[in-house]
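**Q** Here you go, one structure.
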Amino acid sequence: MSAVLRSAAAPRKPATPTGARRYSLATPFTFLAVLAIVAITVVPLLFVIEGGFRSTAQINSSPVGLPHPWVWSNYTTVLFSSAFWQFLGNSTLIAVVATGLAVGLGSMAAFALSRYEFKGREALFTVFIVGLLFPIGVASLPLYLPLQRIGLLDNQFGVAIPEAAFSLSITIVILRPFMRAVPGEIEDAAVVDGATRLRFFVRILLPLSRPALVTVAILAFVMSWNNYLLAYIVFTTPSHFTLPLGVATFQTQYSQDTARIFAFTALSMVPALGFFVLAERRIVAGLTGSLKG
Amino acid sequence: MRSIRTSAALAVAATAALTVAACGSSSSGAGSGGASNSGSSVTLTWWNNATTNPLKGVWQQVAASYHTAHPHVTLQIDPIQNEQFTTKIPLALQSSNPPDLYQQWGGGQEATQVKSGKVMNITKLVAPWIGQLGSAAEGWQVNGQQYGIPYDLHMVGFWYRKDLFAKAGITSPPTTLAELNSDVTKLKAAHIVPIAVGSKDRWPDAFWWEYFALRECSTDTLKAAMKAINVSNPCFLKAGNDLKAFMATHPFQSGFLGTASQQGAGSSAGMVANGKAAMELQGDWEPGVMAPLSTDKTLNSKLGWFPFPAVTGGAGAPTTLLGGGDGFSCTTGATDACAEFLKYIDSPSVQKKLVGAGVGLPANPSAAPALTDDTLRQILSYSHASPYIQNYFDIAFPTNVGQAVDNAVANFFAGQGSPETIIQTVNQAASTS
Amino acid sequence: MVSSTDPPVAMAVARASSTAVAAGARPPQAPPLRRPRGLRRKLELTLLLGPALALFVGFVLAPIGIAIYYSLYNWSGFGPLSDFVGVHNYKLALSDPVFRSAIAHNLTLAALSVIIQLPISIGLAMLLNRRTRGRSLLRLIVFAPYVLSEATTAVIWSLMLQPGGFVDQFLKAAGLGGLVHLWLADPNIVLYTLFIVITWKYVGFGIILLLAGLQGIPAELHEAAALDGASWWQTTRRIVLPLLGPTIRIWAFLAIIGSLQLFDVVWIMTGGGPANASVTMATYLINRGFQSYEFGYASAIAVILFIICFVFSLAYQRFALRRDTRGALTRAVG
């Protein structure tokens with residue numbers, strides 16, 4: 001869809017023969033720069049992964065070094081501990097609920113804010129932006145009492161629902177220009193053919209907005225996955241903890257077992273990274289459309 | 001489109017399932033106390049800080065054996081990370097169902113909590129047996145009324161490495177400040193870090209200032225200061241100047257501002273455990289913290305303890321100790337069964353078990369013979385001989401003042417402010433509490 | 001139920017798309033169709049906006065309101081709110097040297113983000129925009145730190161930055177032993193150490209954003225410039241950067257807001273220390289609220305933080321973002 005929009009917007013020029021190198025940066029420079037980027041990004045991650053294969057005594061005696069001998073028990077203990085999988089399950093459940101709510105409700109609101117004219121529309125949009133300005137961690141304290149009154153404390157929903165609310169802002173901010181950019185003709189045509197505006201929304205606009213929807217879903221998911229302070233305040237029972245809480249818990253609880261902390265940290269990175277691998281292409285495509293608008 | 005549908009369906013299903021679960025659960029959530037007062041079954045929710053063994057196992061045993069003896073009382077334990085208590089307790093006491101039984105460190109902190117109106121006044125309930133604990137129980141009183149009880153006690157003193165002292169040519173631990181200073185010099189000459197301090201956590205810094213205050217201020221002055229929440233007495237300024245002079249000798253490890261006190265081999269505890277520093281001013285819990293930080297199996301035999309040295313010209317009794325302890329409080333929603341359980345925790349049998357788990361010094365003196373570690377016995381007998389045990393200031397004072405003490409001294413350690421600043425900051429915090 | 005494969009709808013989509021393409025640059029100005037006004041439309045709007053608004057008011061606006069309410073009291077968090085002090089907490093906060101230095105730290109970090117992270121992100125994005133082998137893998141690697149939780153990041157870097165830890169040993173091995181510092185213990189550099197950790201974490205996000213923007217620049221423009229003999233720098237300065245403008249402005253907005261609200265990484269790595277050398281507004285309010293039990297004061301700080309972000313965002317929208325959103329739709333819809 002974005003291709004259609006782009007070609008509709010930009011005047012066409014005769015194509016130049018392909019294969020012409022546009023700018024020459026000396027290749028060794030590029031290579032070195034890339035190597036540096038990869039090293040700086042990846043080395044800390046490798047440090048943690050590798051640390052999990054050592055014993056705490058090894059780490060204490062020589063902070064930097066290769067495992068000697070390789071210790072498997074840290075990883076296996078974490079993998080076979082019910083705590084890790086509980087944390088993982090909790091994080092997943094909360095993230096899915098928060099994302100679903102944020103994207104579902106956010107897309108509806110973005111549709112209304114982008115393609116309807118009504119008094120106070122811009123003011124309402126500004127109100128939604130407010131959610132970007134108040135960090136969710138800071139809101140944790142004032143959220144506590146309302147959550148307690150509704151009975152959502154120590155409950156996954158007590159975390160998922162506020163997260164969804166806070167993700168609404170970035171969802172609407174990204175979706176609105178994207179939805180706006182869909183030409184009115186398509187909507188007109190749909191209406192002419194008998195579809196209501198809501199049907200247009202569900203059947204045409206949403207599919208067309210898929211890259212942007214995936215983008216906001218990923219952002220909402222990541223924000224929920226990594227949330228720390230709200231979960232810290234809401235959860236008391238350790239079996240309800242999410243992964244970020246789990247990491248901090250391990251650090252104090254097994255403060256003497258540095259190697260196990262490494263193993264747990266490394267393993268808790270895997271779901272997040274795996275999720276990103278699956279979604280990587282979508283993000284770029286999704287952001288392309290929204291930023292043009 | 002499909003992805004939206006799936007996640008929407010998932011969300012709906014999850015909502016339904018969890019709503020049913022959440023509405024259905026009653027006793028599985030934390031803080032669901034408040035059972036009826038009749039002889040029928042009572043479940044007490046219990047928040048303690050034993051997230052690891054051996055103490056975790058000991059509490060579970062205690063709960064199980066109590067249940068066997070009193071079948072209508074069930075204890076449901078929720079271990080909470082020690083650091084989380086400062087966050088969880090005020091929130092829980094605001095809510096309509098706080099835990100029935102929770103970790104309590106006493107002092108002004110307890111007094112602050114009592115303001116919530118949700119902490120149970122157990123004076124009458126514990127009157128028959130509280131005398132067994134001696135003066136220690138006073139630390140858990142507010143305005144003469146008992147709102148909690150201790151289950152163990154802690155004292156702060158110097159832990160030192162006998163082998164490193166020997167290496168530096170120090171034959172016996174110092175008893176005066178002058179001796180301590182000369183020992184620091186000897187250790188430096190032997191290229192050993194004299195003293196490790198976990199300044200990142202702030203409260204280890206505060207120990208230093210507080211101990212100098214204990215040496216400069218008379219017992220009456222200290223008691224008055226705690227009561228009035230005011231440190232204007234000139235002895236506190238003297239203490240600050242003592243600290244300043246002491247720090248001018250650079251007795252601490254390099255980079256001490258970023259050193260944690262108990263976590264990892266790089267912490268101050270880890271440094272002593274691995275022989276990288278010779279001394280640390282800490283509580284009696286240190287050997288337990290140090291043991292896992294080192295692979296040295298003979299560590300315990302290398303550790304010794306000596307009290308904070310005397311300071312010439314100081315108005316304080318040179319054997320005054322800084323200390324505290326752990327305890328529990330009941331909340332008003334709990335039944336009398338809670339106070340009954342507290343009695344059980346302080347009974348000699350349970351106290352002996354706790355001692356055996358290395359929890360520290362027993363609150364009930366009758367369990368003293370169960371202490372096997374010589375050093376702990378040394379500390380315990382020292383504490384019995386001491387004329388006065390001052391609670392750590394950040395517990396003795398109301399919480400915001402206590403935190404101000406920790407912050408002010410930590411800032412001082414970082415080179416900010418002067419001995420006067422510490423006093424001003426603390427008094428200012430007190431004026432708003 | 002109408003589905004997208006229904007003949008009428010499908011035809012409509014096909015017709016509209018082809019019309020748009022065939023028309024070239026500008027779609028024809030058709031007279032606006034009559035839209036159902038009145039009750040039906042109001043119902044639609046309620047259905048679309050209602051749930052989101054309800055969620056938002058209940059869980060975002062309400063806490064802000066509650067924070068404002070708490071901020072008017074002197075309250076330890078225990079017992080009822082009884083000590084009304086009005087704006088006293090605000091006056092106290094604005095004259096509090098620690099809070100002021102917190103604001104200074106946040107602003108420093110915000111400025112550093114724009115000055116340092118932006119050029120790095122643009123440069124790296126341009127580098128990654130080229131058709132090098134393994135481009136997808138590179139993007140994954142660069143974005144990975146963003147996906148990690150702040151807690152994980154803080155744990156990893158705390159361990160690496162310990163005295164004698166990984167970073168120190170690496171510098172020594174690289175012959176740069178003179179650069180070794182007390183990364184987290186020296187009050188003079190701890191804030192900058194944290195900035196480096198934050199950059200590590202978030203530069204990937206900026207790169208992805210800028211990559212998207214770069215790909216929105218038509219290839220023809222590059223080629224035309226090359227044909228006209230423009231050098232790389234001229235092309236970049238006169239074509240790429242201006243066209244990247246909207247993206248850069250959005251990135252800057254998010255980066256500055258993020259710097260103002262910074263919490264997790266700082267809290268776990270230094271707690272705001274040593275001696276408040278790395279304190280941020282958010283860590284300070286958590287410290288005064290949950291550690292010192294001064295919830296009224298902490299709430300006042302939270303409200304001030306919110307006002308700062310709000311004012312900044314209004315100003316930014318008005319001055320920086322205005323031209324990016326003007327005229328986005330080709331014609332009005334009802």
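To be explicit about the labels: the chains of the structure tokens are called A, B, and onward in the order shown, and within each one the residues are counted from 1, while ligands get numbers from 1 in the order they are shown.
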What residues in range 8-202 of chain C get the DSSP label alpha helix (DSSP H)? Please answer as a ChimeraX atom specification.
**A** /C:8-23,39-56,62-71,88-94,97-112,118-129,135-147,150-160,166-173,190-202
**Q** Keeping C-alpha atoms, export the residues of the selection given above as a CSV table (one decimal), in the first residue's frame.
**A**
```
chain,number,residue,atom,x,y,z
C,8,PRO,CA,-18.8,-4.9,-4.5
C,9,VAL,CA,-16.1,-4.0,-1.9
C,10,ALA,CA,-13.4,-5.6,-3.9
C,11,MET,CA,-14.4,-3.7,-6.9
C,12,ALA,CA,-14.5,-0.6,-5.0
C,13,VAL,CA,-11.0,-1.1,-3.7
C,14,ALA,CA,-9.7,-2.0,-7.1
C,15,ARG,CA,-11.4,1.0,-8.7
C,16,ALA,CA,-10.1,3.4,-6.1
C,17,SER,CA,-6.5,2.1,-6.3
C,18,SER,CA,-6.4,2.2,-10.0
C,19,THR,CA,-7.9,5.6,-10.0
C,20,ALA,CA,-5.2,6.8,-7.6
C,21,VAL,CA,-2.4,5.4,-9.6
C,22,ALA,CA,-3.7,6.4,-13.0
C,23,ALA,CA,-4.3,10.0,-11.9
C,39,LEU,CA,-27.3,10.0,16.0
C,40,ARG,CA,-25.7,7.4,13.9
C,41,ARG,CA,-22.5,9.2,13.7
C,42,LYS,CA,-22.5,10.0,17.3
C,43,LEU,CA,-23.0,6.4,18.1
C,44,GLU,CA,-20.1,5.4,15.8
C,45,LEU,CA,-17.8,7.9,17.5
C,46,THR,CA,-18.8,6.7,21.0
C,47,LEU,CA,-18.1,3.2,20.1
C,48,LEU,CA,-14.8,4.0,18.5
C,49,LEU,CA,-13.5,6.4,21.1
C,50,GLY,CA,-15.4,5.3,24.2
C,51,PRO,CA,-13.5,2.2,25.3
C,52,ALA,CA,-10.0,3.8,24.7
C,53,LEU,CA,-11.1,6.9,26.5
C,54,ALA,CA,-12.5,5.0,29.5
C,55,LEU,CA,-9.3,3.0,29.8
C,56,PHE,CA,-7.2,6.1,29.5
C,62,ALA,CA,-6.9,9.3,37.3
C,63,PRO,CA,-3.5,8.5,38.7
C,64,ILE,CA,-2.3,11.9,37.6
C,65,GLY,CA,-5.2,13.4,39.4
C,66,ILE,CA,-4.5,11.3,42.5
C,67,ALA,CA,-0.9,12.4,42.4
C,68,ILE,CA,-2.0,16.0,42.3
C,69,TYR,CA,-4.3,15.3,45.3
C,70,TYR,CA,-1.5,13.6,47.3
C,71,SER,CA,0.9,16.5,46.5
C,88,HIS,CA,4.1,24.0,50.2
C,89,ASN,CA,5.5,20.8,48.7
C,90,TYR,CA,6.0,22.5,45.4
C,91,LYS,CA,7.8,25.4,46.9
C,92,LEU,CA,10.0,23.0,48.8
C,93,ALA,CA,10.7,21.0,45.7
C,94,LEU,CA,11.7,24.0,43.6
C,97,PRO,CA,19.1,21.5,45.8
C,98,VAL,CA,18.8,17.8,45.2
C,99,PHE,CA,15.7,18.2,43.0
C,100,ARG,CA,17.3,21.0,41.1
C,101,SER,CA,20.4,18.9,40.4
C,102,ALA,CA,18.0,16.1,39.3
C,103,ILE,CA,16.4,18.5,36.8
C,104,ALA,CA,19.9,19.5,35.7
C,105,HIS,CA,20.8,15.9,35.2
C,106,ASN,CA,17.7,15.1,33.2
C,107,LEU,CA,18.3,18.2,31.0
C,108,THR,CA,22.0,17.2,30.5
C,109,LEU,CA,21.0,13.8,29.4
C,110,ALA,CA,18.4,15.2,27.1
C,111,ALA,CA,20.9,17.5,25.5
C,112,LEU,CA,23.5,14.8,25.2
C,118,LEU,CA,21.5,11.6,16.9
C,119,PRO,CA,24.6,11.9,14.8
C,120,ILE,CA,25.6,8.4,15.7
C,121,SER,CA,22.2,7.1,14.9
C,122,ILE,CA,22.0,8.9,11.5
C,123,GLY,CA,25.5,7.8,10.6
C,124,LEU,CA,24.8,4.2,11.5
C,125,ALA,CA,21.5,4.2,9.8
C,126,MET,CA,23.0,5.5,6.6
C,127,LEU,CA,25.7,2.8,6.9
C,128,LEU,CA,23.1,0.1,7.4
C,129,ASN,CA,21.0,1.4,4.5
C,135,ARG,CA,22.0,-6.4,6.5
C,136,SER,CA,19.1,-8.1,8.2
C,137,LEU,CA,21.3,-9.7,10.7
C,138,LEU,CA,23.0,-6.4,11.4
C,139,ARG,CA,19.7,-4.7,12.0
C,140,LEU,CA,18.8,-7.5,14.5
C,141,ILE,CA,22.0,-7.0,16.3
C,142,VAL,CA,21.7,-3.3,16.5
C,143,PHE,CA,18.2,-3.4,17.7
C,144,ALA,CA,18.7,-6.1,20.3
C,145,PRO,CA,19.7,-3.9,23.2
C,146,TYR,CA,16.4,-2.0,22.9
C,147,VAL,CA,14.4,-5.2,23.3
C,150,GLU,CA,16.1,-2.1,31.6
C,151,ALA,CA,16.6,-4.3,34.6
C,152,THR,CA,18.6,-6.8,32.5
C,153,THR,CA,20.7,-3.9,31.0
C,154,ALA,CA,21.4,-2.5,34.4
C,155,VAL,CA,22.5,-5.9,35.8
C,156,ILE,CA,24.8,-6.6,32.9
C,157,TRP,CA,26.4,-3.2,32.9
C,158,SER,CA,26.7,-3.0,36.7
C,159,LEU,CA,28.7,-6.2,36.6
C,160,MET,CA,30.9,-5.0,33.7
C,166,PHE,CA,35.3,-6.4,32.2
C,167,VAL,CA,35.5,-2.8,31.0
C,168,ASP,CA,38.6,-2.1,33.0
C,169,GLN,CA,40.3,-5.3,31.9
C,170,PHE,CA,39.4,-4.7,28.3
C,171,LEU,CA,40.9,-1.2,28.4
C,172,LYS,CA,44.1,-2.4,30.0
C,173,ALA,CA,44.4,-5.2,27.4
C,190,VAL,CA,28.8,8.6,37.0
C,191,LEU,CA,26.2,10.5,35.0
C,192,TYR,CA,28.2,10.2,31.8
C,193,THR,CA,28.8,6.5,32.5
C,194,LEU,CA,25.0,6.1,32.7
C,195,PHE,CA,24.6,8.1,29.5
C,196,ILE,CA,26.9,5.6,27.7
C,197,VAL,CA,24.8,2.7,29.0
C,198,ILE,CA,21.6,4.4,27.9
C,199,THR,CA,23.1,5.1,24.5
C,200,TRP,CA,24.0,1.5,24.1
C,201,LYS,CA,20.4,0.6,24.9
C,202,TYR,CA,18.5,3.1,22.8
```
**Q** Counting only C-alpha atoms, a student should be able to say which residues of chain B come within 10 Å of chain C; what is the right answer, written as a VMD selection string?
**A** chain B and resid 83 to 94 109 112 to 118 199 to 202 254 to 260 264 266 to 267 398 to 404 407 to 416 429 432 to 433
**Q** With N, CA and C atoms retained, export the selected residues as a compact mmCIF listing (two decimals), in the first residue's frame.
**A**
```txt
# COMPACT_ATOMS: atom_id res chain seq x y z
N GLU B 83 14.44 -5.86 50.65
CA GLU B 83 14.35 -4.48 50.17
C GLU B 83 12.93 -4.09 49.81
N GLN B 84 12.10 -5.07 49.49
CA GLN B 84 10.74 -4.73 49.07
C GLN B 84 9.86 -4.30 50.23
N PHE B 85 10.26 -4.62 51.43
CA PHE B 85 9.39 -4.30 52.56
C PHE B 85 9.11 -2.81 52.66
N THR B 86 10.13 -1.99 52.40
CA THR B 86 9.90 -0.56 52.53
C THR B 86 8.83 -0.08 51.57
N THR B 87 8.71 -0.75 50.43
CA THR B 87 7.67 -0.38 49.48
C THR B 87 6.34 -1.01 49.85
N LYS B 88 6.40 -2.28 50.19
CA LYS B 88 5.16 -3.04 50.36
C LYS B 88 4.39 -2.66 51.61
N ILE B 89 5.10 -2.39 52.70
CA ILE B 89 4.38 -2.20 53.95
C ILE B 89 3.48 -0.97 53.94
N PRO B 90 3.96 0.20 53.53
CA PRO B 90 3.02 1.33 53.55
C PRO B 90 1.82 1.09 52.64
N LEU B 91 2.08 0.46 51.49
CA LEU B 91 0.97 0.19 50.60
C LEU B 91 -0.01 -0.79 51.24
N ALA B 92 0.55 -1.83 51.86
CA ALA B 92 -0.34 -2.84 52.46
C ALA B 92 -1.14 -2.23 53.60
N LEU B 93 -0.51 -1.37 54.38
CA LEU B 93 -1.24 -0.81 55.52
C LEU B 93 -2.27 0.21 55.08
N GLN B 94 -2.18 0.67 53.86
CA GLN B 94 -3.21 1.56 53.33
C GLN B 94 -4.40 0.76 52.85
N GLN B 109 10.46 3.67 63.02
CA GLN B 109 9.83 3.15 61.82
C GLN B 109 8.49 2.53 62.20
N THR B 112 5.98 5.17 62.96
CA THR B 112 5.37 5.72 61.74
C THR B 112 4.25 4.82 61.26
N GLN B 113 4.50 3.52 61.30
CA GLN B 113 3.49 2.58 60.81
C GLN B 113 2.26 2.58 61.70
N VAL B 114 2.48 2.77 63.00
CA VAL B 114 1.36 2.75 63.94
C VAL B 114 0.36 3.84 63.60
N LYS B 115 0.84 4.91 63.00
CA LYS B 115 -0.05 6.01 62.60
C LYS B 115 -1.15 5.53 61.67
N SER B 116 -0.90 4.43 60.98
CA SER B 116 -1.91 3.96 60.05
C SER B 116 -3.13 3.44 60.78
N GLY B 117 -2.97 3.18 62.06
CA GLY B 117 -4.09 2.66 62.82
C GLY B 117 -4.34 1.19 62.58
N LYS B 118 -3.46 0.56 61.80
CA LYS B 118 -3.73 -0.83 61.45
C LYS B 118 -2.81 -1.80 62.18
N SER B 199 29.66 1.75 50.77
CA SER B 199 29.07 3.09 50.79
C SER B 199 27.87 3.22 49.86
N LYS B 200 27.79 2.38 48.85
CA LYS B 200 26.69 2.51 47.90
C LYS B 200 25.34 2.36 48.60
N ASP B 201 25.29 1.52 49.61
CA ASP B 201 24.02 1.28 50.29
C ASP B 201 23.71 2.30 51.37
N ARG B 202 24.56 3.20 51.62
CA ARG B 202 24.38 4.34 52.53
C ARG B 202 24.35 3.97 54.00
N SER B 254 39.68 1.90 47.64
CA SER B 254 39.47 2.89 46.60
C SER B 254 38.14 2.60 45.92
N GLY B 255 37.46 3.64 45.54
CA GLY B 255 36.17 3.47 44.88
C GLY B 255 35.07 3.03 45.83
N PHE B 256 35.23 3.37 47.11
CA PHE B 256 34.25 2.84 48.08
C PHE B 256 32.86 3.40 47.85
N LEU B 257 32.76 4.53 47.14
CA LEU B 257 31.44 5.12 46.94
C LEU B 257 30.55 4.22 46.11
N GLY B 258 31.16 3.38 45.30
CA GLY B 258 30.35 2.53 44.43
C GLY B 258 30.27 1.10 44.91
N THR B 259 30.85 0.82 46.07
CA THR B 259 30.86 -0.56 46.55
C THR B 259 29.57 -0.88 47.28
N ALA B 260 28.96 -1.98 46.88
CA ALA B 260 27.79 -2.44 47.62
C ALA B 260 28.26 -3.11 48.89
N GLY B 264 27.78 -9.83 45.97
CA GLY B 264 28.84 -10.15 45.03
C GLY B 264 30.21 -10.01 45.66
N GLY B 266 32.58 -8.25 44.84
CA GLY B 266 33.13 -6.90 44.86
C GLY B 266 32.57 -6.06 45.98
N SER B 267 31.67 -6.63 46.76
CA SER B 267 31.07 -5.87 47.85
C SER B 267 32.06 -5.80 49.01
N PRO B 398 11.82 8.26 63.07
CA PRO B 398 10.80 8.05 62.04
C PRO B 398 11.49 7.92 60.70
N THR B 399 10.84 7.20 59.81
CA THR B 399 11.52 6.79 58.59
C THR B 399 12.14 7.92 57.80
N ASN B 400 11.42 9.03 57.63
CA ASN B 400 12.00 10.05 56.77
C ASN B 400 13.24 10.68 57.41
N VAL B 401 13.25 10.74 58.75
CA VAL B 401 14.43 11.28 59.43
C VAL B 401 15.58 10.28 59.33
N GLY B 402 15.25 9.00 59.51
CA GLY B 402 16.28 7.97 59.42
C GLY B 402 16.93 7.96 58.06
N GLN B 403 16.11 8.09 57.02
CA GLN B 403 16.66 8.14 55.67
C GLN B 403 17.51 9.39 55.49
N ALA B 404 17.10 10.48 56.14
CA ALA B 404 17.89 11.70 56.04
C ALA B 404 19.28 11.49 56.66
N ASN B 407 21.26 9.43 54.15
CA ASN B 407 21.64 10.25 52.99
C ASN B 407 22.71 11.27 53.35
N ALA B 408 22.52 11.92 54.49
CA ALA B 408 23.46 12.98 54.86
C ALA B 408 24.87 12.41 55.08
N VAL B 409 24.94 11.28 55.78
CA VAL B 409 26.27 10.71 56.04
C VAL B 409 26.87 10.18 54.74
N ALA B 410 26.04 9.58 53.90
CA ALA B 410 26.56 9.08 52.62
C ALA B 410 27.09 10.24 51.78
N ASN B 411 26.37 11.35 51.78
CA ASN B 411 26.87 12.52 51.06
C ASN B 411 28.18 12.99 51.65
N PHE B 412 28.26 12.95 52.98
CA PHE B 412 29.49 13.37 53.64
C PHE B 412 30.65 12.48 53.21
N PHE B 413 30.40 11.19 53.15
CA PHE B 413 31.42 10.25 52.69
C PHE B 413 31.88 10.60 51.29
N ALA B 414 30.95 11.14 50.49
CA ALA B 414 31.31 11.48 49.12
C ALA B 414 31.95 12.85 49.03
N GLY B 415 32.19 13.46 50.19
CA GLY B 415 32.88 14.74 50.19
C GLY B 415 31.95 15.93 50.10
N GLN B 416 30.65 15.66 50.22
CA GLN B 416 29.72 16.79 50.17
C GLN B 416 29.36 17.22 51.57
N ALA B 429 14.81 17.45 58.45
CA ALA B 429 13.88 16.37 58.14
C ALA B 429 12.94 16.12 59.31
N THR B 432 9.76 18.27 59.59
CA THR B 432 8.61 18.05 58.72
C THR B 432 7.90 16.75 59.02
N SER B 433 8.46 15.96 59.95
CA SER B 433 7.84 14.64 60.16
C SER B 433 6.66 14.74 61.11
```
**Q** Rank nothing, just name the residue among B:Gly417, B:Gly288, B:Gly106, B:Gly325 nearest to chain A, using only C-alpha atoms.
**A**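 Checking each candidate against chain A, we get B:Gly288 as the closest.
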**Q** Between B:Ile192, B:Ile80, B:Leu222, B:Ala69, which one has atoms that come closest to Tyr232 in chain A, using only C-alpha atoms?
**A**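 Among B:Ile192, B:Ile80, B:Leu222, B:Ala69, it is B:Ile80 that comes nearest to Tyr232 in chain A.
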